[in-house]
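As stored in input-v1.json (JSON, C-alpha atoms):
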[["chain", "number", "residue", "atom", "x", "y", "z"],
["A", 1, "MET", "CA", 0.00, 0.00, 0.00],
["A", 2, "SER", "CA", 1.31, 3.46, -0.92],
["A", 3, "SER", "CA", 2.59, 5.59, 1.95],
["A", 4, "THR", "CA", 0.18, 8.34, 0.81],
["A", 5, "THR", "CA", -2.82, 6.01, 0.92],
["A", 6, "PRO", "CA", -4.52, 5.76, 4.33],
["A", 7, "ASP", "CA", -4.73, 2.28, 5.81],
["A", 8, "PRO", "CA", -8.41, 1.64, 6.69],
["A", 9, "ALA", "CA", -7.38, -0.76, 9.47],
["A", 10, "ARG", "CA", -5.53, 2.06, 11.26],
["A", 11, "LEU", "CA", -8.35, 4.59, 11.13],
["A", 12, "ARG", "CA", -9.80, 4.74, 14.63],
["A", 13, "ARG", "CA", -11.88, 7.21, 16.58],
["A", 14, "SER", "CA", -13.28, 7.14, 20.10],
["A", 15, "TYR", "CA", -17.06, 7.63, 20.08],
["A", 16, "GLU", "CA", -18.09, 9.91, 22.92],
["A", 17, "GLY", "CA", -21.22, 11.83, 22.11],
["A", 18, "GLY", "CA", -24.19, 10.65, 24.12],
["A", 19, "GLU", "CA", -25.99, 7.69, 25.57],
["A", 20, "LEU", "CA", -29.23, 5.75, 25.46],
["A", 21, "SER", "CA", -30.69, 4.68, 28.79],
["A", 22, "GLU", "CA", -33.88, 2.67, 29.06],
["A", 23, "PRO", "CA", -35.58, 4.87, 31.72],
["A", 24, "ALA", "CA", -35.34, 7.90, 29.42],
["A", 25, "LEU", "CA", -36.72, 6.20, 26.31],
["A", 26, "PRO", "CA", -40.12, 7.21, 24.91],
["A", 27, "ALA", "CA", -42.69, 4.46, 24.36],
["A", 28, "ASP", "CA", -42.98, 5.40, 20.69],
["A", 29, "PRO", "CA", -39.80, 5.04, 18.58],
["A", 30, "LEU", "CA", -41.01, 7.76, 16.20],
["A", 31, "ALA", "CA", -40.75, 10.26, 19.06],
["A", 32, "LEU", "CA", -37.09, 9.33, 19.51],
["A", 33, "PHE", "CA", -36.50, 9.43, 15.75],
["A", 34, "ALA", "CA", -38.04, 12.91, 15.59],
["A", 35, "ALA", "CA", -35.79, 14.13, 18.41],
["A", 36, "TRP", "CA", -32.67, 12.69, 16.79],
["A", 37, "PHE", "CA", -33.63, 14.01, 13.37],
["A", 38, "ALA", "CA", -34.08, 17.49, 14.86],
["A", 39, "ASP", "CA", -30.64, 17.23, 16.48],
["A", 40, "VAL", "CA", -29.02, 16.22, 13.20],
["A", 41, "HIS", "CA", -30.73, 19.00, 11.29],
["A", 42, "ALA", "CA", -29.71, 21.57, 13.89],
["A", 43, "SER", "CA", -26.11, 20.37, 13.71],
["A", 44, "GLY", "CA", -25.87, 21.50, 10.08],
["A", 45, "LEU", "CA", -25.15, 18.03, 8.69],
["A", 46, "VAL", "CA", -25.47, 18.05, 4.90],
["A", 47, "GLU", "CA", -28.54, 16.11, 3.69],
["A", 48, "PRO", "CA", -29.73, 14.97, 7.14],
["A", 49, "ASN", "CA", -32.58, 13.10, 5.43],
["A", 50, "ALA", "CA", -30.22, 10.95, 3.35],
["A", 51, "MET", "CA", -30.71, 7.25, 4.05],
["A", 52, "ILE", "CA", -29.37, 3.98, 2.70],
["A", 53, "LEU", "CA", -32.15, 1.92, 1.12],
["A", 54, "ALA", "CA", -31.43, -1.81, 0.88],
["A", 55, "THR", "CA", -33.60, -4.06, -1.27],
["A", 56, "ALA", "CA", -33.38, -7.57, -2.68],
["A", 57, "SER", "CA", -34.63, -9.20, -5.84],
["A", 58, "ALA", "CA", -37.00, -12.16, -5.89],
["A", 59, "ASP", "CA", -34.03, -14.54, -5.86],
["A", 60, "GLY", "CA", -32.38, -12.74, -2.95],
["A", 61, "VAL", "CA", -29.72, -10.65, -4.71],
["A", 62, "PRO", "CA", -29.22, -7.56, -2.52],
["A", 63, "SER", "CA", -28.56, -4.00, -3.60],
["A", 64, "ALA", "CA", -28.28, -0.69, -1.74],
["A", 65, "ARG", "CA", -28.20, 2.98, -2.57],
["A", 66, "THR", "CA", -28.76, 6.39, -0.98],
["A", 67, "VAL", "CA", -32.19, 8.02, -1.29],
["A", 68, "LEU", "CA", -33.80, 10.96, 0.49],
["A", 69, "LEU", "CA", -36.44, 10.63, 3.18],
["A", 70, "LYS", "CA", -39.45, 12.79, 2.30],
["A", 71, "GLY", "CA", -41.71, 12.10, 5.25],
["A", 72, "TYR", "CA", -42.27, 9.84, 8.23],
["A", 73, "GLY", "CA", -45.00, 9.01, 10.69],
["A", 74, "PRO", "CA", -47.18, 6.14, 11.94],
["A", 75, "GLN", "CA", -47.77, 5.04, 8.34],
["A", 76, "GLY", "CA", -44.07, 4.62, 7.63],
["A", 77, "PHE", "CA", -40.96, 6.26, 6.17],
["A", 78, "ARG", "CA", -41.67, 7.76, 2.73],
["A", 79, "PHE", "CA", -39.52, 8.32, -0.34],
["A", 80, "PHE", "CA", -40.09, 8.91, -4.05],
["A", 81, "THR", "CA", -38.38, 7.44, -7.10],
["A", 82, "ASN", "CA", -38.68, 5.95, -10.57],
["A", 83, "LEU", "CA", -40.87, 2.86, -10.31],
["A", 84, "THR", "CA", -39.01, 1.08, -13.11],
["A", 85, "SER", "CA", -35.55, 1.61, -11.59],
["A", 86, "HIS", "CA", -33.48, -1.18, -10.05],
["A", 87, "LYS", "CA", -34.97, -0.51, -6.63],
["A", 88, "GLY", "CA", -38.45, -0.26, -8.12],
["A", 89, "ARG", "CA", -38.09, -3.65, -9.78],
["A", 90, "ASP", "CA", -36.74, -5.16, -6.56],
["A", 91, "LEU", "CA", -39.67, -3.81, -4.57],
["A", 92, "ALA", "CA", -42.17, -5.10, -7.12],
["A", 93, "GLU", "CA", -40.70, -8.61, -6.75],
["A", 94, "ASN", "CA", -39.88, -8.51, -3.04],
["A", 95, "PRO", "CA", -41.73, -5.71, -1.18],
["A", 96, "ARG", "CA", -39.51, -5.52, 1.88],
["A", 97, "ALA", "CA", -36.66, -3.13, 2.62],
["A", 98, "ALA", "CA", -34.17, -1.90, 5.19],
["A", 99, "LEU", "CA", -33.12, 1.69, 5.83],
["A", 100, "VAL", "CA", -30.03, 3.11, 7.51],
["A", 101, "PHE", "CA", -29.61, 6.73, 8.55],
["A", 102, "PRO", "CA", -25.80, 7.14, 8.85],
["A", 103, "TRP", "CA", -25.39, 10.19, 11.06],
["A", 104, "HIS", "CA", -21.65, 9.68, 11.56],
["A", 105, "PRO", "CA", -20.70, 13.16, 12.89],
["A", 106, "MET", "CA", -23.01, 12.57, 15.87],
["A", 107, "TYR", "CA", -21.92, 8.93, 16.32],
["A", 108, "ARG", "CA", -25.47, 7.82, 15.63],
["A", 109, "GLN", "CA", -27.32, 5.65, 13.20],
["A", 110, "VAL", "CA", -30.90, 4.46, 12.90],
["A", 111, "ARG", "CA", -31.91, 1.19, 11.25],
["A", 112, "VAL", "CA", -35.44, 0.52, 10.02],
["A", 113, "ALA", "CA", -36.80, -2.70, 8.50],
["A", 114, "GLY", "CA", -40.23, -3.78, 7.31],
["A", 115, "PRO", "CA", -42.60, -4.27, 4.40],
["A", 116, "VAL", "CA", -42.96, -1.67, 1.66],
["A", 117, "PHE", "CA", -46.14, -0.29, 0.11],
["A", 118, "GLU", "CA", -46.56, 1.95, -2.91],
["A", 119, "LEU", "CA", -48.00, 5.39, -2.17],
["A", 120, "PRO", "CA", -51.37, 6.49, -3.63],
["A", 121, "ARG", "CA", -51.09, 8.40, -6.91],
["A", 122, "GLY", "CA", -52.77, 11.44, -5.39],
["A", 123, "GLU", "CA", -50.07, 11.71, -2.72],
["A", 124, "VAL", "CA", -47.35, 11.21, -5.33],
["A", 125, "ALA", "CA", -48.83, 13.91, -7.58],
["A", 126, "ALA", "CA", -49.07, 16.36, -4.69],
["A", 127, "TYR", "CA", -45.40, 15.86, -3.85],
["A", 128, "PHE", "CA", -44.30, 15.98, -7.52],
["A", 129, "ARG", "CA", -45.82, 19.44, -7.86],
["A", 130, "THR", "CA", -43.59, 20.71, -5.03],
["A", 131, "ARG", "CA", -40.38, 19.73, -6.82],
["A", 132, "PRO", "CA", -38.38, 22.43, -8.63],
["A", 133, "TYR", "CA", -39.18, 22.79, -12.32],
["A", 134, "GLY", "CA", -35.79, 21.38, -13.36],
["A", 135, "SER", "CA", -36.17, 18.34, -11.12],
["A", 136, "ARG", "CA", -39.52, 17.54, -12.70],
["A", 137, "LEU", "CA", -37.94, 17.71, -16.15],
["A", 138, "GLY", "CA", -35.13, 15.50, -14.86],
["A", 139, "ALA", "CA", -37.64, 12.81, -13.91],
["A", 140, "TRP", "CA", -38.79, 12.65, -17.52],
["A", 141, "ALA", "CA", -35.23, 12.78, -18.88],
["A", 142, "SER", "CA", -34.24, 9.78, -16.73],
["A", 143, "GLU", "CA", -37.26, 7.66, -17.63],
["A", 144, "ASN", "CA", -35.02, 4.64, -18.12],
["A", 145, "GLN", "CA", -33.45, 4.99, -14.65],
["A", 146, "SER", "CA", -30.76, 2.37, -13.94],
["A", 147, "GLY", "CA", -30.65, 1.53, -17.65],
["A", 148, "VAL", "CA", -27.56, 1.95, -19.83],
["A", 149, "VAL", "CA", -27.29, 5.20, -21.82],
["A", 150, "SER", "CA", -24.88, 6.07, -24.61],
["A", 151, "GLY", "CA", -23.44, 9.04, -22.74],
["A", 152, "ARG", "CA", -24.11, 12.34, -21.00],
["A", 153, "ASP", "CA", -25.21, 13.84, -24.32],
["A", 154, "GLU", "CA", -28.20, 11.51, -24.43],
["A", 155, "LEU", "CA", -29.39, 12.69, -21.02],
["A", 156, "GLU", "CA", -28.92, 16.35, -21.98],
["A", 157, "ARG", "CA", -30.88, 15.75, -25.20],
["A", 158, "ARG", "CA", -33.77, 14.15, -23.31],
["A", 159, "TYR", "CA", -33.80, 17.02, -20.83],
["A", 160, "ALA", "CA", -33.87, 19.59, -23.66],
["A", 161, "GLU", "CA", -36.73, 17.73, -25.32],
["A", 162, "ALA", "CA", -38.71, 17.77, -22.07],
["A", 163, "ALA", "CA", -38.02, 21.51, -21.64],
["A", 164, "ARG", "CA", -39.33, 22.21, -25.13],
["A", 165, "ARG", "CA", -42.40, 20.08, -24.49],
["A", 166, "TRP", "CA", -43.16, 21.75, -21.16],
["A", 167, "PRO", "CA", -41.65, 25.29, -21.16],
["A", 168, "ASP", "CA", -40.91, 26.99, -17.88],
["A", 169, "PRO", "CA", -43.84, 29.34, -17.14],
["A", 170, "ALA", "CA", -41.47, 31.62, -15.23],
["A", 171, "GLU", "CA", -39.59, 32.55, -18.40],
["A", 172, "GLY", "CA", -40.85, 35.67, -20.10],
["A", 173, "ARG", "CA", -43.08, 36.64, -17.19],
["A", 174, "PRO", "CA", -43.80, 40.39, -17.25],
["A", 175, "PRO", "CA", -42.18, 42.45, -14.47],
["A", 176, "GLY", "CA", -44.37, 42.58, -11.40],
["A", 177, "ALA", "CA", -46.37, 39.49, -12.36],
["A", 178, "PRO", "CA", -47.06, 37.05, -9.51],
["A", 179, "ASP", "CA", -44.56, 34.25, -9.07],
["A", 180, "ASP", "CA", -45.41, 30.94, -10.72],
["A", 181, "ASP", "CA", -43.06, 28.00, -10.31],
["A", 182, "GLY", "CA", -44.86, 26.00, -12.98],
["A", 183, "ALA", "CA", -46.21, 23.47, -10.53],
["A", 184, "ASP", "CA", -48.62, 22.10, -13.12],
["A", 185, "ALA", "CA", -46.48, 22.70, -16.20],
["A", 186, "VAL", "CA", -44.74, 19.31, -16.04],
["A", 187, "PRO", "CA", -47.10, 16.35, -15.56],
["A", 188, "LEU", "CA", -46.45, 13.45, -13.24],
["A", 189, "PRO", "CA", -44.86, 10.57, -15.20],
["A", 190, "ASP", "CA", -46.71, 7.29, -14.97],
["A", 191, "PHE", "CA", -43.37, 5.59, -14.24],
["A", 192, "TRP", "CA", -42.63, 7.79, -11.20],
["A", 193, "GLY", "CA", -44.03, 7.18, -7.73],
["A", 194, "GLY", "CA", -43.35, 6.72, -4.07],
["A", 195, "TYR", "CA", -43.13, 4.14, -1.30],
["A", 196, "ARG", "CA", -43.50, 3.86, 2.44],
["A", 197, "VAL", "CA", -41.46, 1.48, 4.56],
["A", 198, "VAL", "CA", -43.66, 0.38, 7.46],
["A", 199, "PRO", "CA", -41.33, -0.48, 10.36],
["A", 200, "GLU", "CA", -41.45, -3.83, 12.08],
["A", 201, "SER", "CA", -38.26, -2.80, 13.86],
["A", 202, "ILE", "CA", -36.40, 0.45, 14.48],
["A", 203, "GLU", "CA", -32.94, 0.31, 16.03],
["A", 204, "PHE", "CA", -31.16, 3.31, 17.50],
["A", 205, "TRP", "CA", -27.38, 3.08, 17.66],
["A", 206, "GLN", "CA", -25.36, 5.51, 19.77],
["A", 207, "GLY", "CA", -21.58, 5.25, 19.65],
["A", 208, "ARG", "CA", -19.92, 4.90, 23.05],
["A", 209, "ARG", "CA", -16.38, 4.70, 24.34],
["A", 210, "ASP", "CA", -14.39, 1.48, 23.98],
["A", 211, "ARG", "CA", -16.91, 0.17, 21.44],
["A", 212, "LEU", "CA", -19.49, -0.48, 24.15],
["A", 213, "HIS", "CA", -22.13, 1.17, 21.99],
["A", 214, "ASP", "CA", -25.76, 1.60, 23.00],
["A", 215, "ARG", "CA", -28.11, -0.33, 20.71],
["A", 216, "ILE", "CA", -31.81, -0.07, 21.47],
["A", 217, "ARG", "CA", -34.32, -1.86, 19.27],
["A", 218, "TYR", "CA", -38.06, -1.25, 19.15],
["A", 219, "ARG", "CA", -39.83, -4.27, 17.69],
["A", 220, "ARG", "CA", -43.37, -5.41, 16.97],
["A", 221, "GLU", "CA", -44.59, -8.65, 15.46],
["A", 222, "THR", "CA", -46.35, -7.11, 12.44],
["A", 223, "PRO", "CA", -46.40, -3.56, 11.06],
["A", 224, "ALA", "CA", -50.19, -3.45, 11.46],
["A", 225, "ASP", "CA", -50.01, -4.43, 15.14],
["A", 226, "PRO", "CA", -51.55, -1.55, 17.12],
["A", 227, "GLY", "CA", -50.05, -2.84, 20.34],
["A", 228, "GLU", "CA", -47.10, -1.44, 22.22],
["A", 229, "TRP", "CA", -43.56, -1.79, 20.94],
["A", 230, "THR", "CA", -41.21, -4.25, 22.58],
["A", 231, "VAL", "CA", -38.00, -2.46, 23.60],
["A", 232, "GLU", "CA", -34.76, -4.46, 23.72],
["A", 233, "ARG", "CA", -31.10, -3.66, 24.32],
["A", 234, "LEU", "CA", -28.77, -5.39, 21.87],
["A", 235, "SER", "CA", -25.15, -6.32, 22.45],
["A", 236, "PRO", "CA", -22.79, -4.06, 20.55]]

Any chance you could put this one into C-alpha cells?
Amino acid sequence: MSSTTPDPARLRRSYEGGELSEPALPADPLALFAAWFADVHASGLVEPNAMILATASADGVPSARTVLLKGYGPQGFRFFTNLTSHKGRDLAENPRAALVFPWHPMYRQVRVAGPVFELPRGEVAAYFRTRPYGSRLGAWASENQSGVVSGRDELERRYAEAARRWPDPAEGRPPGAPDDDGADAVPLPDFWGGYRVVPESIEFWQGRRDRLHDRIRYRRETPADPGEWTVERLSP
C-alpha cells in the first residue's frame, strides 16, 4: 500500500457523544426518531434526510443505494423514485426493505426494517408538484433509470426535449407578475411514484467509548399491530 494512501485498518476514533438509557426512552420510537432528526438537522449536517435503502430481488440478490427521506409518521418512512428503476423492480418482486440513517458526525445511526407499500397516486402527484421545475424535467429525462445510456449527451438531449415540451412558465413573465413555479407545467410521469417502509423494527445506535455502543431496538410482530412496541437492548 502506498505511503500516501490511508490504511483503513488504522483509522480509529473514540465515540463519545451521548448515551441511550432505558428509563429515558419514549414508548414510541417515532418520538425518539423525531428528536434525533431534529438534532441532526440543527447540527448543520449536509442532507440529514439521506438514508441507505437496501432491497433484494425475488431470488435474494441484494442492492443498496442512498435516497432521500421525504416524510415519516405512523404510516411509515416515505420516499419517491422511478418505479421502473433497479430498486423499483426489486420492490415489485420482493416488497420488503431496510433503511439506515448514517449520522456519523453525531456517532449515531438508525436502522429501520419492514414491508414496503406503494404510495397512492394522489399523494405522489401532490409531492411531484412541489419539486423544482428542473427536477420535474429530470424525472422525464431519466425515464429509463438504472438503464444503460450512450453518454451524458443523451441525457442532456432528453432534458432539452422535455423543456421544449413543457416550457418553464417563469420565463418571459412580465415584471411585477405574480410568481409561478410552474407546478402544473410538467405532468407526473406514470413511471414515477413513491413508497413507504412500514417499520417492524427500528434500532437506535449511539456510539460509546471502547466500542461499548448503546443499541436499542423497538420491535413489533407485524407492522399493522396496534399494540405497544417491545424495547430491547442489543449487544454491541

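Distance annotation: of A:Gly227, A:Pro236, A:Pro187, A:Gly134, the residue with the minimal separation from Arg208 (chain A) is A:Pro236; atom set is all atoms listed in the file.
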
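The closest residue to Arg233 (chain A), picked from A:Leu137, A:Ala126, A:Arg219, A:Val112 and counting only C-alpha atoms, is A:Arg219.
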
### Query
If you count only C-alpha atoms, which residues fall within 8 Å of region 138-141 of chain A, apart from same-chain ones fewer than 2 positions away, as a PyMOL selection string?
chain A and resi 82+134-136+143+155-156+158-159+162+189+192

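Here CA of Arg196 (chain A) is placed at a distance of 13.3 Å from CA of Met51 (chain A).
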
### Message
Show me, as a ChimeraX atom specification, the residues that have an atom within 7 Å of Leu69 (chain A) when counting all atoms listed in the file, minus same-chain residues fewer than 5 positions from it.
### Response
/A:49-51,77-79

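With all atoms listed in the file as the basis for measurement, A:Asp59 is the residue among A:Glu171, A:Asp59, A:Asp214, A:Glu19 that approaches Asp90 (chain A) most closely.
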
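Checking A:Pro95, A:Gly147, A:Pro105, A:Gly73 one by one against Phe117 (chain A), counting all atoms listed in the file, you find the shortest gap at A:Pro95.
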
Could you list, as a PDB file with C-alpha atoms, in the frame of the given file, every residue within 8 Å of Tyr15 (chain A), counting only C-alpha atoms and ignoring same-chain residues fewer than 3 positions away?
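Result saved to result_24.pdb:
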ATOM      1  CA  TYR A 107     -21.920   8.930  16.320  1.00  0.00           C
ATOM      2  CA  GLY A 207     -21.580   5.250  19.650  1.00  0.00           C
ATOM      3  CA  ARG A 208     -19.920   4.900  23.050  1.00  0.00           C
ATOM      4  CA  ARG A 209     -16.380   4.700  24.340  1.00  0.00           C
ATOM      5  CA  ASP A 210     -14.390   1.480  23.980  1.00  0.00           C
ATOM      6  CA  ARG A 211     -16.910   0.170  21.440  1.00  0.00           C
TER       7      ARG A 211
END

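CA of Ser63 (chain A) lies 18.3 Å from CA of Gly194 (chain A).
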
### Contacts of region 27-43 of chain A within 12 Å, all atoms listed in the file, excl. fewer than 4 positions in-chain, as a ChimeraX atom specification
/A:18,20,22-23,47-51,69,71-77,101-112,198-206,216-220,226-232

### Task
Can you work out the spacing between CA of Tyr195 (chain A) and CA of Leu119 (chain A) in Å, to one decimal?
5.1 Å

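Across A:Ala170, A:Val149, A:Ala92, A:Val186, the tightest approach to Phe128 (chain A) is made by A:Val186 when counting all atoms listed in the file.
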
Using all atoms of region 138-145 of chain A listed in the file and a margin of 4 Å per side, can you give the axis-aligned box centre and edge lengths in Å to one decimal, as AutoDock Vina command-line options?
--center_x -36.1 --center_y 10.1 --center_z -16.4 --size_x 13.3 --size_y 18.9 --size_z 13.0

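Closest approach to Arg215 (chain A) among A:Ser57, A:Ser21, A:Ser14, A:Thr4 is made by A:Ser21 (distances from all atoms listed in the file).
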
### Query
Near Gln145 (chain A), counting only C-alpha atoms, which residues have an atom at most 10 Å away, once you skip same-chain residues fewer than 6 positions from it, shown as JSON, numbers by chain?
{"A": [81, 82, 83, 84, 85, 86, 87, 88, 139, 191]}

Reconstruct all heavy atoms of region 60-71 of chain A; output as a JSON list (two decimals), in the coordinates of the input.
[["chain", "number", "residue", "atom", "x", "y", "z"],
["A", 60, "GLY", "N", -33.21, -13.07, -4.10],
["A", 60, "GLY", "CA", -32.38, -12.74, -2.95],
["A", 60, "GLY", "C", -31.11, -11.97, -3.22],
["A", 60, "GLY", "O", -30.28, -11.83, -2.32],
["A", 61, "VAL", "N", -30.92, -11.44, -4.42],
["A", 61, "VAL", "CA", -29.72, -10.65, -4.71],
["A", 61, "VAL", "C", -29.89, -9.25, -4.13],
["A", 61, "VAL", "O", -30.82, -8.52, -4.51],
["A", 61, "VAL", "CB", -29.47, -10.56, -6.22],
["A", 61, "VAL", "CG1", -28.24, -9.71, -6.50],
["A", 61, "VAL", "CG2", -29.29, -11.95, -6.82],
["A", 62, "PRO", "N", -29.04, -8.85, -3.18],
["A", 62, "PRO", "CA", -29.22, -7.56, -2.52],
["A", 62, "PRO", "C", -28.65, -6.41, -3.32],
["A", 62, "PRO", "O", -27.75, -6.57, -4.15],
["A", 62, "PRO", "CB", -28.45, -7.74, -1.20],
["A", 62, "PRO", "CG", -27.34, -8.67, -1.57],
["A", 62, "PRO", "CD", -27.91, -9.61, -2.60],
["A", 63, "SER", "N", -29.15, -5.22, -3.04],
["A", 63, "SER", "CA", -28.56, -4.00, -3.60],
["A", 63, "SER", "C", -28.89, -2.86, -2.64],
["A", 63, "SER", "O", -29.87, -2.92, -1.89],
["A", 63, "SER", "CB", -29.10, -3.69, -4.99],
["A", 63, "SER", "OG", -30.49, -3.47, -4.98],
["A", 64, "ALA", "N", -28.07, -1.82, -2.65],
["A", 64, "ALA", "CA", -28.28, -0.69, -1.74],
["A", 64, "ALA", "C", -27.87, 0.59, -2.43],
["A", 64, "ALA", "O", -26.99, 0.59, -3.30],
["A", 64, "ALA", "CB", -27.48, -0.89, -0.45],
["A", 65, "ARG", "N", -28.50, 1.67, -2.02],
["A", 65, "ARG", "CA", -28.20, 2.98, -2.57],
["A", 65, "ARG", "C", -28.71, 4.05, -1.60],
["A", 65, "ARG", "O", -29.47, 3.75, -0.67],
["A", 65, "ARG", "CB", -28.82, 3.19, -3.95],
["A", 65, "ARG", "CG", -30.31, 3.46, -3.97],
["A", 65, "ARG", "CD", -31.17, 2.28, -3.61],
["A", 65, "ARG", "NE", -31.14, 1.25, -4.65],
["A", 65, "ARG", "CZ", -31.46, -0.01, -4.45],
["A", 65, "ARG", "NH1", -31.81, -0.44, -3.23],
["A", 65, "ARG", "NH2", -31.44, -0.89, -5.42],
["A", 66, "THR", "N", -28.29, 5.29, -1.82],
["A", 66, "THR", "CA", -28.76, 6.39, -0.98],
["A", 66, "THR", "C", -29.97, 7.06, -1.63],
["A", 66, "THR", "O", -29.95, 7.38, -2.82],
["A", 66, "THR", "CB", -27.66, 7.44, -0.77],
["A", 66, "THR", "OG1", -26.51, 6.82, -0.17],
["A", 66, "THR", "CG2", -28.13, 8.56, 0.13],
["A", 67, "VAL", "N", -31.02, 7.26, -0.85],
["A", 67, "VAL", "CA", -32.19, 8.02, -1.29],
["A", 67, "VAL", "C", -32.50, 9.05, -0.20],
["A", 67, "VAL", "O", -31.88, 9.04, 0.87],
["A", 67, "VAL", "CB", -33.42, 7.11, -1.54],
["A", 67, "VAL", "CG1", -33.12, 6.09, -2.63],
["A", 67, "VAL", "CG2", -33.84, 6.39, -0.26],
["A", 68, "LEU", "N", -33.47, 9.92, -0.47],
["A", 68, "LEU", "CA", -33.80, 10.96, 0.49],
["A", 68, "LEU", "C", -35.16, 10.69, 1.13],
["A", 68, "LEU", "O", -36.15, 10.44, 0.43],
["A", 68, "LEU", "CB", -33.83, 12.33, -0.20],
["A", 68, "LEU", "CG", -32.49, 12.82, -0.76],
["A", 68, "LEU", "CD1", -32.69, 14.17, -1.45],
["A", 68, "LEU", "CD2", -31.43, 12.90, 0.31],
["A", 69, "LEU", "N", -35.19, 10.74, 2.45],
["A", 69, "LEU", "CA", -36.44, 10.63, 3.18],
["A", 69, "LEU", "C", -37.28, 11.87, 2.91],
["A", 69, "LEU", "O", -36.80, 12.99, 3.00],
["A", 69, "LEU", "CB", -36.15, 10.53, 4.68],
["A", 69, "LEU", "CG", -37.35, 10.50, 5.63],
["A", 69, "LEU", "CD1", -38.08, 9.17, 5.52],
["A", 69, "LEU", "CD2", -36.90, 10.76, 7.06],
["A", 70, "LYS", "N", -38.56, 11.66, 2.59],
["A", 70, "LYS", "CA", -39.45, 12.79, 2.30],
["A", 70, "LYS", "C", -40.64, 12.86, 3.25],
["A", 70, "LYS", "O", -41.55, 13.66, 3.04],
["A", 70, "LYS", "CB", -39.92, 12.72, 0.85],
["A", 70, "LYS", "CG", -38.82, 13.00, -0.17],
["A", 70, "LYS", "CD", -38.21, 14.38, 0.02],
["A", 70, "LYS", "CE", -37.11, 14.66, -0.97],
["A", 70, "LYS", "NZ", -36.54, 16.02, -0.78],
["A", 71, "GLY", "N", -40.65, 12.04, 4.26],
["A", 71, "GLY", "CA", -41.71, 12.10, 5.25],
["A", 71, "GLY", "C", -41.68, 10.87, 6.12],
["A", 71, "GLY", "O", -41.17, 9.82, 5.72]]
